>>> print(open('coords_3.pdb').read())   # PDB, C-alpha atoms
MODEL        1
ATOM      1  CA  MET P   1      22.750 -28.721 -38.142
ATOM      2  CA  ARG P   2      22.745 -32.436 -37.974
ATOM      3  CA  ASN P   3      25.398 -34.636 -39.548
ATOM      4  CA  GLY P   4      26.618 -31.713 -41.579
ATOM      5  CA  LYS P   5      23.159 -30.998 -43.107
ATOM      6  CA  PRO P   6      20.743 -28.269 -42.146
ATOM      7  CA  GLU P   7      17.621 -29.590 -40.366
ATOM      8  CA  ASN P   8      15.185 -27.796 -42.666
ATOM      9  CA  GLN P   9      16.591 -29.494 -45.761
ATOM     10  CA  LYS P  10      14.215 -32.179 -46.999
ATOM     11  CA  LYS P  11      15.340 -35.539 -48.197
ATOM     12  CA  SER P  12      14.599 -36.244 -51.807
ATOM     13  CA  TYR P  13      13.276 -39.605 -52.755
ATOM     14  CA  ARG P  14      13.405 -40.628 -56.365
ATOM     15  CA  LYS P  15      11.409 -43.459 -57.785
ATOM     16  CA  PRO P  16      13.388 -45.936 -59.811
ATOM     17  CA  ALA P  17      12.833 -45.681 -63.547
ATOM     18  CA  GLY P  18      10.089 -47.966 -64.834
ATOM     19  CA  ASN P  19       8.651 -48.581 -61.393
ATOM     20  CA  ALA P  20       5.674 -46.263 -61.923
ATOM     21  CA  SER P  21       4.627 -48.021 -65.100
ATOM     22  CA  GLN P  22       4.939 -51.414 -63.410
ATOM     23  CA  LYS P  23       2.796 -50.218 -60.522
ATOM     24  CA  SER P  24       0.157 -48.756 -62.818
ATOM     25  CA  GLN P  25       0.069 -51.967 -64.859
ATOM     26  CA  ALA P  26      -0.278 -54.055 -61.700
ATOM     27  CA  ALA P  27      -3.044 -51.751 -60.430
ATOM     28  CA  ARG P  28      -4.856 -52.015 -63.767
ATOM     29  CA  ILE P  29      -4.641 -55.819 -63.685
ATOM     30  CA  ARG P  30      -5.944 -55.886 -60.103
ATOM     31  CA  SER P  31      -8.865 -53.622 -60.966
ATOM     32  CA  GLU P  32      -9.712 -55.673 -64.071
ATOM     33  CA  SER P  33      -9.681 -58.924 -62.090
ATOM     34  CA  ALA P  34     -11.779 -57.335 -59.326
ATOM     35  CA  LEU P  35     -14.267 -56.121 -61.933
ATOM     36  CA  LYS P  36     -14.425 -59.574 -63.511
ATOM     37  CA  ALA P  37     -14.925 -61.213 -60.109
ATOM     38  CA  SER P  38     -17.617 -58.662 -59.299
ATOM     39  CA  ARG P  39     -19.424 -59.445 -62.546
ATOM     40  CA  THR P  40     -19.274 -63.186 -61.942
ATOM     41  CA  ARG P  41     -20.552 -62.766 -58.364
ATOM     42  CA  LYS P  42     -23.408 -60.595 -59.580
ATOM     43  CA  GLU P  43     -24.249 -63.036 -62.377
ATOM     44  CA  ARG P  44     -24.113 -65.948 -59.939
ATOM     45  CA  ARG P  45     -26.412 -64.109 -57.513
ATOM     46  CA  GLU P  46     -28.940 -63.208 -60.221
ATOM     47  CA  LYS P  47     -28.907 -66.740 -61.632
ATOM     48  CA  ALA P  48     -29.519 -68.202 -58.152
ATOM     49  CA  ILE P  49     -32.428 -65.837 -57.529
ATOM     50  CA  SER P  50     -34.070 -66.583 -60.870
ATOM     51  CA  GLY P  51     -33.437 -70.336 -60.591
ATOM     52  CA  VAL P  52     -36.174 -70.998 -58.028
ATOM     53  CA  SER P  53     -39.716 -69.645 -58.136
ATOM     54  CA  LEU P  54     -40.994 -67.939 -54.992
ATOM     55  CA  PRO P  55     -43.975 -70.276 -54.454
ATOM     56  CA  ASP P  56     -41.639 -73.287 -54.681
ATOM     57  CA  LEU P  57     -39.182 -71.623 -52.313
ATOM     58  CA  LEU P  58     -41.903 -70.845 -49.765
ATOM     59  CA  SER P  59     -43.126 -74.445 -49.937
ATOM     60  CA  HIS P  60     -39.596 -75.773 -49.526
ATOM     61  CA  LEU P  61     -39.024 -73.559 -46.488
ATOM     62  CA  GLY P  62     -42.303 -74.778 -44.980
ATOM     63  CA  LEU P  63     -43.909 -71.338 -45.075
ATOM     64  CA  HIS P  64     -46.746 -72.265 -47.447
ATOM     65  CA  LYS P  65     -49.125 -74.891 -46.104
ATOM     66  CA  ASP P  66     -52.801 -75.482 -46.844
ATOM     67  CA  ASN P  67     -53.114 -72.306 -48.966
ATOM     68  CA  VAL P  68     -51.751 -70.164 -46.106
ATOM     69  CA  THR P  69     -48.453 -68.363 -46.554
ATOM     70  CA  LEU P  70     -46.698 -67.428 -43.335
ATOM     71  CA  CYS P  71     -44.328 -64.492 -43.087
ATOM     72  CA  PRO P  72     -41.018 -65.720 -41.615
ATOM     73  CA  PHE P  73     -40.460 -62.312 -40.023
ATOM     74  CA  CYS P  74     -43.743 -61.658 -38.193
ATOM     75  CA  ASN P  75     -45.482 -65.090 -38.493
ATOM     76  CA  SER P  76     -48.729 -63.569 -39.726
ATOM     77  CA  GLY P  77     -50.742 -65.693 -42.115
ATOM     78  CA  ASN P  78     -51.734 -64.757 -45.690
ATOM     79  CA  SER P  79     -50.024 -61.396 -45.531
ATOM     80  CA  ILE P  80     -47.333 -62.140 -48.114
ATOM     81  CA  ALA P  81     -47.839 -60.694 -51.577
ATOM     82  CA  LEU P  82     -45.701 -62.270 -54.307
ATOM     83  CA  ARG P  83     -44.433 -60.762 -57.523
ATOM     84  CA  PRO P  84     -43.128 -63.929 -59.204
ATOM     85  CA  GLU P  85     -42.050 -62.146 -62.391
ATOM     86  CA  ALA P  86     -39.666 -59.984 -60.344
ATOM     87  CA  TYR P  87     -38.831 -62.704 -57.759
ATOM     88  CA  GLU P  88     -39.955 -60.346 -54.982
ATOM     89  CA  PHE P  89     -42.165 -60.646 -51.913
ATOM     90  CA  ARG P  90     -43.771 -58.175 -49.539
ATOM     91  CA  CYS P  91     -45.434 -58.750 -46.189
ATOM     92  CA  GLU P  92     -48.369 -56.416 -45.712
ATOM     93  CA  ALA P  93     -48.340 -56.894 -41.924
ATOM     94  CA  CYS P  94     -44.715 -56.039 -41.106
ATOM     95  CA  ARG P  95     -43.830 -54.258 -44.387
ATOM     96  CA  THR P  96     -40.773 -56.443 -44.998
ATOM     97  CA  CYS P  97     -39.950 -56.819 -48.672
ATOM     98  CA  GLY P  98     -37.156 -58.164 -50.816
ATOM     99  CA  ASP P  99     -36.116 -60.888 -53.198
ATOM    100  CA  SER P 100     -35.839 -64.625 -52.693
ATOM    101  CA  LEU P 101     -32.241 -64.234 -51.531
ATOM    102  CA  LYS P 102     -33.311 -61.964 -48.667
ATOM    103  CA  LEU P 103     -36.107 -64.383 -47.800
ATOM    104  CA  VAL P 104     -33.647 -67.281 -47.517
ATOM    105  CA  ARG P 105     -31.092 -65.206 -45.598
ATOM    106  CA  LYS P 106     -33.612 -64.033 -43.017
ATOM    107  CA  ALA P 107     -35.664 -67.239 -42.736
ATOM    108  CA  LEU P 108     -32.646 -69.542 -42.335
ATOM    109  CA  GLY P 109     -30.182 -67.089 -40.782
ATOM    110  CA  LEU P 110     -27.578 -67.537 -43.527
ATOM    111  CA  THR P 111     -24.932 -65.216 -44.874
ATOM    112  CA  ASN P 112     -25.366 -63.793 -48.356
ATOM    113  CA  TRP P 113     -23.158 -66.323 -50.171
ATOM    114  CA  LYS P 114     -24.432 -69.296 -48.186
ATOM    115  CA  ALA P 115     -27.938 -68.246 -49.208
ATOM    116  CA  VAL P 116     -26.789 -68.070 -52.853
ATOM    117  CA  ALA P 117     -25.340 -71.578 -52.521
ATOM    118  CA  PHE P 118     -28.609 -72.785 -50.958
ATOM    119  CA  LEU P 119     -30.635 -71.357 -53.854
ATOM    120  CA  GLU P 120     -28.226 -72.851 -56.401
ATOM    121  CA  GLU P 121     -28.538 -76.249 -54.749
ATOM    122  CA  LEU P 122     -32.323 -75.994 -54.644
ATOM    123  CA  ALA P 123     -32.424 -74.956 -58.316
ATOM    124  CA  GLY P 124     -30.198 -77.942 -59.152
ATOM    125  CA  LYS P 125     -32.570 -80.311 -57.345
ATOM    126  CA  GLN P 126     -35.584 -78.852 -59.136
ATOM    127  CA  GLY P 127     -33.801 -79.117 -62.485
ATOM    128  CA  ALA P 128     -32.994 -82.798 -61.826
ATOM    129  CA  GLU P 129     -36.628 -83.691 -61.098
TER
ENDMDL
END
>>> encode(input="coords_3.pdb", output="structure tokens")
Amino acid sequence: MRNGKPENQKKSYRKPAGNASQKSQAARIRSESALKASRTRKERREKAISGVSLPDLLSHLGLHKDNVTLCPFCNSGNSIALRPEAYEFRCEACRTCGDSLKLVRKALGLTNWKAVAFLEELAGKQGAE
């Protein structure tokens, strides 16, 4: 016995009235805002990818010169196959494939969102011309 209470007796904790509904409402608001932010990030990413064509991107990165397209991953020439309608590339030599965002990330060593910003900026420059 400790302090007049048996040791095996559990303490009971009661939640204050209304607290559970406030917590659930706050959790719902957080999840809705996270979902909205997720949608806007995804939309921003997709818009950045579709804003610049792959041939223009390769030329801007200096990977397409004199009708030769260099792979930024293995440096082999004319091994890149483009699917412009899907904004995808594939290197037949090293088997690397992906979208224009992956190409920018790997070629320039950028993080995902810095690569998105780069593509947005490039699309803005092309739109201004």
>>> resolve_selection(input="coords_3.pdb", expression="the PyMOL selection byres ((chain P and resi 52) around 12)", output="compact mmCIF listing (two decimals) with C-alpha atoms, in the frame of the given file")
# COMPACT_ATOMS: atom_id res chain seq x y z
CA ARG P 45 -26.41 -64.11 -57.51
CA GLU P 46 -28.94 -63.21 -60.22
CA LYS P 47 -28.91 -66.74 -61.63
CA ALA P 48 -29.52 -68.20 -58.15
CA ILE P 49 -32.43 -65.84 -57.53
CA SER P 50 -34.07 -66.58 -60.87
CA GLY P 51 -33.44 -70.34 -60.59
CA SER P 53 -39.72 -69.64 -58.14
CA LEU P 54 -40.99 -67.94 -54.99
CA PRO P 55 -43.98 -70.28 -54.45
CA ASP P 56 -41.64 -73.29 -54.68
CA LEU P 57 -39.18 -71.62 -52.31
CA LEU P 58 -41.90 -70.84 -49.76
CA SER P 59 -43.13 -74.44 -49.94
CA HIS P 60 -39.60 -75.77 -49.53
CA PRO P 84 -43.13 -63.93 -59.20
CA GLU P 85 -42.05 -62.15 -62.39
CA ALA P 86 -39.67 -59.98 -60.34
CA TYR P 87 -38.83 -62.70 -57.76
CA GLU P 88 -39.96 -60.35 -54.98
CA ASP P 99 -36.12 -60.89 -53.20
CA SER P 100 -35.84 -64.62 -52.69
CA LEU P 101 -32.24 -64.23 -51.53
CA VAL P 104 -33.65 -67.28 -47.52
CA VAL P 116 -26.79 -68.07 -52.85
CA PHE P 118 -28.61 -72.78 -50.96
CA LEU P 119 -30.64 -71.36 -53.85
CA GLU P 120 -28.23 -72.85 -56.40
CA GLU P 121 -28.54 -76.25 -54.75
CA LEU P 122 -32.32 -75.99 -54.64
CA ALA P 123 -32.42 -74.96 -58.32
CA GLY P 124 -30.20 -77.94 -59.15
CA LYS P 125 -32.57 -80.31 -57.34
CA GLN P 126 -35.58 -78.85 -59.14
CA GLY P 127 -33.80 -79.12 -62.48
>>> atom_distance(input="coords_3.pdb", atom1="CA of Val68 in chain P", atom2="CA of Thr111 in chain P")
27.3 Å
>>> atom_distance(input="coords_3.pdb", atom1="CA of Cys94 in chain P", atom2="CA of Phe73 in chain P")
7.7 Å
>>> closest_residue(input="coords_3.pdb", among="P:Ser24, P:Ser31, P:Thr69, P:Ser79", to="Glu92 in chain P", atoms="all atoms listed in the file")
P:Ser79
>>> axis_aligned_box(input="coords_3.pdb", around="range 80-83 of chain P", padding_each_side="8 Å", output="lines of an AutoDock Vina configuration file")
center_x = -46.1
center_y = -61.5
center_z = -52.8
size_x = 19.4
size_y = 17.6
size_z = 25.4
>>> atom_distance(input="coords_3.pdb", atom1="CA of Asn78 in chain P", atom2="CA of Arg105 in chain P")
20.6 Å
>>> closest_residue(input="coords_3.pdb", among="P:Asn112, P:Cys71, P:Ala107, P:Gly62", to="Arg90 in chain P", atoms="only C-alpha atoms")
P:Cys71
>>> closest_residue(input="coords_3.pdb", among="P:Ala93, P:Gln25, P:Ala115, P:Arg41", to="Pro72 in chain P", atoms="only C-alpha atoms")
P:Ala93
>>> closest_residue(input="coords_3.pdb", among="P:Lys42, P:Cys74, P:Leu61, P:Cys91", to="Trp113 in chain P", atoms="only C-alpha atoms")
P:Lys42
>>> decode(input="coords_3.pdb", residues="range 32-82 of chain P", atoms="N, CA and C atoms", output="PDB file, in the first residue's frame")
ATOM      1  N   GLU P  32      -7.374  18.008 -43.989  1.00  0.00           N
ATOM      2  CA  GLU P  32      -7.886  18.701 -45.173  1.00  0.00           C
ATOM      3  C   GLU P  32      -6.843  19.660 -45.738  1.00  0.00           C
ATOM      4  N   SER P  33      -6.151  20.389 -44.864  1.00  0.00           N
ATOM      5  CA  SER P  33      -5.130  21.322 -45.348  1.00  0.00           C
ATOM      6  C   SER P  33      -3.940  20.566 -45.936  1.00  0.00           C
ATOM      7  N   ALA P  34      -3.588  19.422 -45.350  1.00  0.00           N
ATOM      8  CA  ALA P  34      -2.500  18.612 -45.903  1.00  0.00           C
ATOM      9  C   ALA P  34      -2.889  18.065 -47.274  1.00  0.00           C
ATOM     10  N   LEU P  35      -4.142  17.654 -47.421  1.00  0.00           N
ATOM     11  CA  LEU P  35      -4.621  17.147 -48.700  1.00  0.00           C
ATOM     12  C   LEU P  35      -4.605  18.250 -49.750  1.00  0.00           C
ATOM     13  N   LYS P  36      -5.037  19.445 -49.364  1.00  0.00           N
ATOM     14  CA  LYS P  36      -5.043  20.574 -50.286  1.00  0.00           C
ATOM     15  C   LYS P  36      -3.616  20.936 -50.699  1.00  0.00           C
ATOM     16  N   ALA P  37      -2.704  20.957 -49.736  1.00  0.00           N
ATOM     17  CA  ALA P  37      -1.304  21.257 -50.040  1.00  0.00           C
ATOM     18  C   ALA P  37      -0.718  20.184 -50.946  1.00  0.00           C
ATOM     19  N   SER P  38      -1.086  18.934 -50.703  1.00  0.00           N
ATOM     20  CA  SER P  38      -0.602  17.836 -51.528  1.00  0.00           C
ATOM     21  C   SER P  38      -1.098  17.981 -52.962  1.00  0.00           C
ATOM     22  N   ARG P  39      -2.359  18.362 -53.110  1.00  0.00           N
ATOM     23  CA  ARG P  39      -2.913  18.563 -54.452  1.00  0.00           C
ATOM     24  C   ARG P  39      -2.194  19.697 -55.164  1.00  0.00           C
ATOM     25  N   THR P  40      -1.964  20.805 -54.458  1.00  0.00           N
ATOM     26  CA  THR P  40      -1.317  21.940 -55.111  1.00  0.00           C
ATOM     27  C   THR P  40       0.126  21.603 -55.469  1.00  0.00           C
ATOM     28  N   ARG P  41       0.829  20.837 -54.630  1.00  0.00           N
ATOM     29  CA  ARG P  41       2.192  20.429 -54.962  1.00  0.00           C
ATOM     30  C   ARG P  41       2.202  19.537 -56.191  1.00  0.00           C
ATOM     31  N   LYS P  42       1.249  18.603 -56.237  1.00  0.00           N
ATOM     32  CA  LYS P  42       1.174  17.691 -57.373  1.00  0.00           C
ATOM     33  C   LYS P  42       0.827  18.459 -58.646  1.00  0.00           C
ATOM     34  N   GLU P  43      -0.122  19.386 -58.550  1.00  0.00           N
ATOM     35  CA  GLU P  43      -0.491  20.187 -59.715  1.00  0.00           C
ATOM     36  C   GLU P  43       0.690  21.045 -60.175  1.00  0.00           C
ATOM     37  N   ARG P  44       1.405  21.613 -59.221  1.00  0.00           N
ATOM     38  CA  ARG P  44       2.563  22.444 -59.555  1.00  0.00           C
ATOM     39  C   ARG P  44       3.633  21.616 -60.254  1.00  0.00           C
ATOM     40  N   ARG P  45       3.869  20.404 -59.753  1.00  0.00           N
ATOM     41  CA  ARG P  45       4.860  19.500 -60.336  1.00  0.00           C
ATOM     42  C   ARG P  45       4.468  19.128 -61.764  1.00  0.00           C
ATOM     43  N   GLU P  46       3.204  18.734 -61.964  1.00  0.00           N
ATOM     44  CA  GLU P  46       2.747  18.330 -63.286  1.00  0.00           C
ATOM     45  C   GLU P  46       2.785  19.493 -64.275  1.00  0.00           C
ATOM     46  N   LYS P  47       2.425  20.685 -63.799  1.00  0.00           N
ATOM     47  CA  LYS P  47       2.452  21.862 -64.666  1.00  0.00           C
ATOM     48  C   LYS P  47       3.892  22.202 -65.071  1.00  0.00           C
ATOM     49  N   ALA P  48       4.832  22.051 -64.145  1.00  0.00           N
ATOM     50  CA  ALA P  48       6.241  22.328 -64.449  1.00  0.00           C
ATOM     51  C   ALA P  48       6.782  21.334 -65.470  1.00  0.00           C
ATOM     52  N   ILE P  49       6.407  20.069 -65.319  1.00  0.00           N
ATOM     53  CA  ILE P  49       6.879  19.040 -66.243  1.00  0.00           C
ATOM     54  C   ILE P  49       6.319  19.283 -67.645  1.00  0.00           C
ATOM     55  N   SER P  50       5.048  19.630 -67.728  1.00  0.00           N
ATOM     56  CA  SER P  50       4.429  19.809 -69.040  1.00  0.00           C
ATOM     57  C   SER P  50       4.719  21.188 -69.644  1.00  0.00           C
ATOM     58  N   GLY P  51       5.342  22.075 -68.883  1.00  0.00           N
ATOM     59  CA  GLY P  51       5.605  23.424 -69.373  1.00  0.00           C
ATOM     60  C   GLY P  51       6.772  23.537 -70.333  1.00  0.00           C
ATOM     61  N   VAL P  52       7.662  22.561 -70.323  1.00  0.00           N
ATOM     62  CA  VAL P  52       8.861  22.605 -71.171  1.00  0.00           C
ATOM     63  C   VAL P  52       8.947  21.300 -71.944  1.00  0.00           C
ATOM     64  N   SER P  53       9.142  21.391 -73.251  1.00  0.00           N
ATOM     65  CA  SER P  53       9.276  20.172 -74.051  1.00  0.00           C
ATOM     66  C   SER P  53      10.660  19.558 -73.804  1.00  0.00           C
ATOM     67  N   LEU P  54      10.737  18.253 -73.937  1.00  0.00           N
ATOM     68  CA  LEU P  54      12.013  17.561 -73.706  1.00  0.00           C
ATOM     69  C   LEU P  54      13.117  17.988 -74.666  1.00  0.00           C
ATOM     70  N   PRO P  55      12.856  18.130 -75.962  1.00  0.00           N
ATOM     71  CA  PRO P  55      13.944  18.591 -76.844  1.00  0.00           C
ATOM     72  C   PRO P  55      14.471  19.973 -76.443  1.00  0.00           C
ATOM     73  N   ASP P  56      13.563  20.879 -76.056  1.00  0.00           N
ATOM     74  CA  ASP P  56      14.004  22.202 -75.608  1.00  0.00           C
ATOM     75  C   ASP P  56      14.807  22.110 -74.322  1.00  0.00           C
ATOM     76  N   LEU P  57      14.369  21.234 -73.423  1.00  0.00           N
ATOM     77  CA  LEU P  57      15.083  21.054 -72.154  1.00  0.00           C
ATOM     78  C   LEU P  57      16.482  20.497 -72.392  1.00  0.00           C
ATOM     79  N   LEU P  58      16.592  19.501 -73.256  1.00  0.00           N
ATOM     80  CA  LEU P  58      17.906  18.920 -73.559  1.00  0.00           C
ATOM     81  C   LEU P  58      18.832  19.956 -74.191  1.00  0.00           C
ATOM     82  N   SER P  59      18.288  20.785 -75.067  1.00  0.00           N
ATOM     83  CA  SER P  59      19.096  21.847 -75.680  1.00  0.00           C
ATOM     84  C   SER P  59      19.542  22.865 -74.640  1.00  0.00           C
ATOM     85  N   HIS P  60      18.621  23.224 -73.741  1.00  0.00           N
ATOM     86  CA  HIS P  60      18.956  24.195 -72.703  1.00  0.00           C
ATOM     87  C   HIS P  60      20.033  23.665 -71.754  1.00  0.00           C
ATOM     88  N   LEU P  61      19.981  22.381 -71.471  1.00  0.00           N
ATOM     89  CA  LEU P  61      20.977  21.769 -70.584  1.00  0.00           C
ATOM     90  C   LEU P  61      22.295  21.492 -71.301  1.00  0.00           C
ATOM     91  N   GLY P  62      22.333  21.708 -72.606  1.00  0.00           N
ATOM     92  CA  GLY P  62      23.558  21.481 -73.372  1.00  0.00           C
ATOM     93  C   GLY P  62      23.807  20.025 -73.690  1.00  0.00           C
ATOM     94  N   LEU P  63      22.739  19.216 -73.678  1.00  0.00           N
ATOM     95  CA  LEU P  63      22.890  17.786 -73.942  1.00  0.00           C
ATOM     96  C   LEU P  63      22.554  17.426 -75.380  1.00  0.00           C
ATOM     97  N   HIS P  64      22.044  18.384 -76.149  1.00  0.00           N
ATOM     98  CA  HIS P  64      21.692  18.127 -77.545  1.00  0.00           C
ATOM     99  C   HIS P  64      22.433  19.123 -78.426  1.00  0.00           C
ATOM    100  N   LYS P  65      23.471  18.618 -79.083  1.00  0.00           N
ATOM    101  CA  LYS P  65      24.295  19.472 -79.948  1.00  0.00           C
ATOM    102  C   LYS P  65      24.547  18.743 -81.258  1.00  0.00           C
ATOM    103  N   ASP P  66      24.406  19.450 -82.353  1.00  0.00           N
ATOM    104  CA  ASP P  66      24.721  18.904 -83.677  1.00  0.00           C
ATOM    105  C   ASP P  66      24.030  17.558 -83.924  1.00  0.00           C
ATOM    106  N   ASN P  67      22.748  17.487 -83.630  1.00  0.00           N
ATOM    107  CA  ASN P  67      21.928  16.283 -83.822  1.00  0.00           C
ATOM    108  C   ASN P  67      22.410  15.073 -83.022  1.00  0.00           C
ATOM    109  N   VAL P  68      23.172  15.301 -81.965  1.00  0.00           N
ATOM    110  CA  VAL P  68      23.604  14.227 -81.067  1.00  0.00           C
ATOM    111  C   VAL P  68      23.079  14.552 -79.675  1.00  0.00           C
ATOM    112  N   THR P  69      22.350  13.603 -79.102  1.00  0.00           N
ATOM    113  CA  THR P  69      21.829  13.782 -77.754  1.00  0.00           C
ATOM    114  C   THR P  69      22.647  12.936 -76.796  1.00  0.00           C
ATOM    115  N   LEU P  70      23.258  13.602 -75.831  1.00  0.00           N
ATOM    116  CA  LEU P  70      24.084  12.902 -74.845  1.00  0.00           C
ATOM    117  C   LEU P  70      23.259  12.547 -73.618  1.00  0.00           C
ATOM    118  N   CYS P  71      23.507  11.361 -73.083  1.00  0.00           N
ATOM    119  CA  CYS P  71      22.862  10.962 -71.837  1.00  0.00           C
ATOM    120  C   CYS P  71      23.654  11.583 -70.687  1.00  0.00           C
ATOM    121  N   PRO P  72      22.996  12.320 -69.779  1.00  0.00           N
ATOM    122  CA  PRO P  72      23.729  12.939 -68.680  1.00  0.00           C
ATOM    123  C   PRO P  72      24.198  11.931 -67.628  1.00  0.00           C
ATOM    124  N   PHE P  73      23.737  10.701 -67.736  1.00  0.00           N
ATOM    125  CA  PHE P  73      24.075   9.687 -66.738  1.00  0.00           C
ATOM    126  C   PHE P  73      25.260   8.826 -67.156  1.00  0.00           C
ATOM    127  N   CYS P  74      25.318   8.475 -68.459  1.00  0.00           N
ATOM    128  CA  CYS P  74      26.414   7.613 -68.924  1.00  0.00           C
ATOM    129  C   CYS P  74      27.245   8.259 -70.031  1.00  0.00           C
ATOM    130  N   ASN P  75      26.864   9.465 -70.487  1.00  0.00           N
ATOM    131  CA  ASN P  75      27.569  10.235 -71.509  1.00  0.00           C
ATOM    132  C   ASN P  75      27.674   9.531 -72.862  1.00  0.00           C
ATOM    133  N   SER P  76      26.809   8.579 -73.125  1.00  0.00           N
ATOM    134  CA  SER P  76      26.823   7.964 -74.453  1.00  0.00           C
ATOM    135  C   SER P  76      26.010   8.830 -75.402  1.00  0.00           C
ATOM    136  N   GLY P  77      26.408   8.850 -76.647  1.00  0.00           N
ATOM    137  CA  GLY P  77      25.743   9.691 -77.635  1.00  0.00           C
ATOM    138  C   GLY P  77      24.643   8.954 -78.379  1.00  0.00           C
ATOM    139  N   ASN P  78      23.568   9.681 -78.711  1.00  0.00           N
ATOM    140  CA  ASN P  78      22.427   9.178 -79.474  1.00  0.00           C
ATOM    141  C   ASN P  78      21.787   7.924 -78.884  1.00  0.00           C
ATOM    142  N   SER P  79      21.803   7.802 -77.597  1.00  0.00           N
ATOM    143  CA  SER P  79      21.170   6.639 -76.981  1.00  0.00           C
ATOM    144  C   SER P  79      19.863   7.008 -76.271  1.00  0.00           C
ATOM    145  N   ILE P  80      19.521   8.294 -76.293  1.00  0.00           N
ATOM    146  CA  ILE P  80      18.313   8.739 -75.605  1.00  0.00           C
ATOM    147  C   ILE P  80      17.118   8.658 -76.538  1.00  0.00           C
ATOM    148  N   ALA P  81      16.097   7.955 -76.098  1.00  0.00           N
ATOM    149  CA  ALA P  81      14.829   7.902 -76.833  1.00  0.00           C
ATOM    150  C   ALA P  81      13.839   8.799 -76.090  1.00  0.00           C
ATOM    151  N   LEU P  82      13.157   9.663 -76.833  1.00  0.00           N
ATOM    152  CA  LEU P  82      12.217  10.607 -76.228  1.00  0.00           C
ATOM    153  C   LEU P  82      10.786  10.206 -76.544  1.00  0.00           C
TER     154      LEU P  82
END
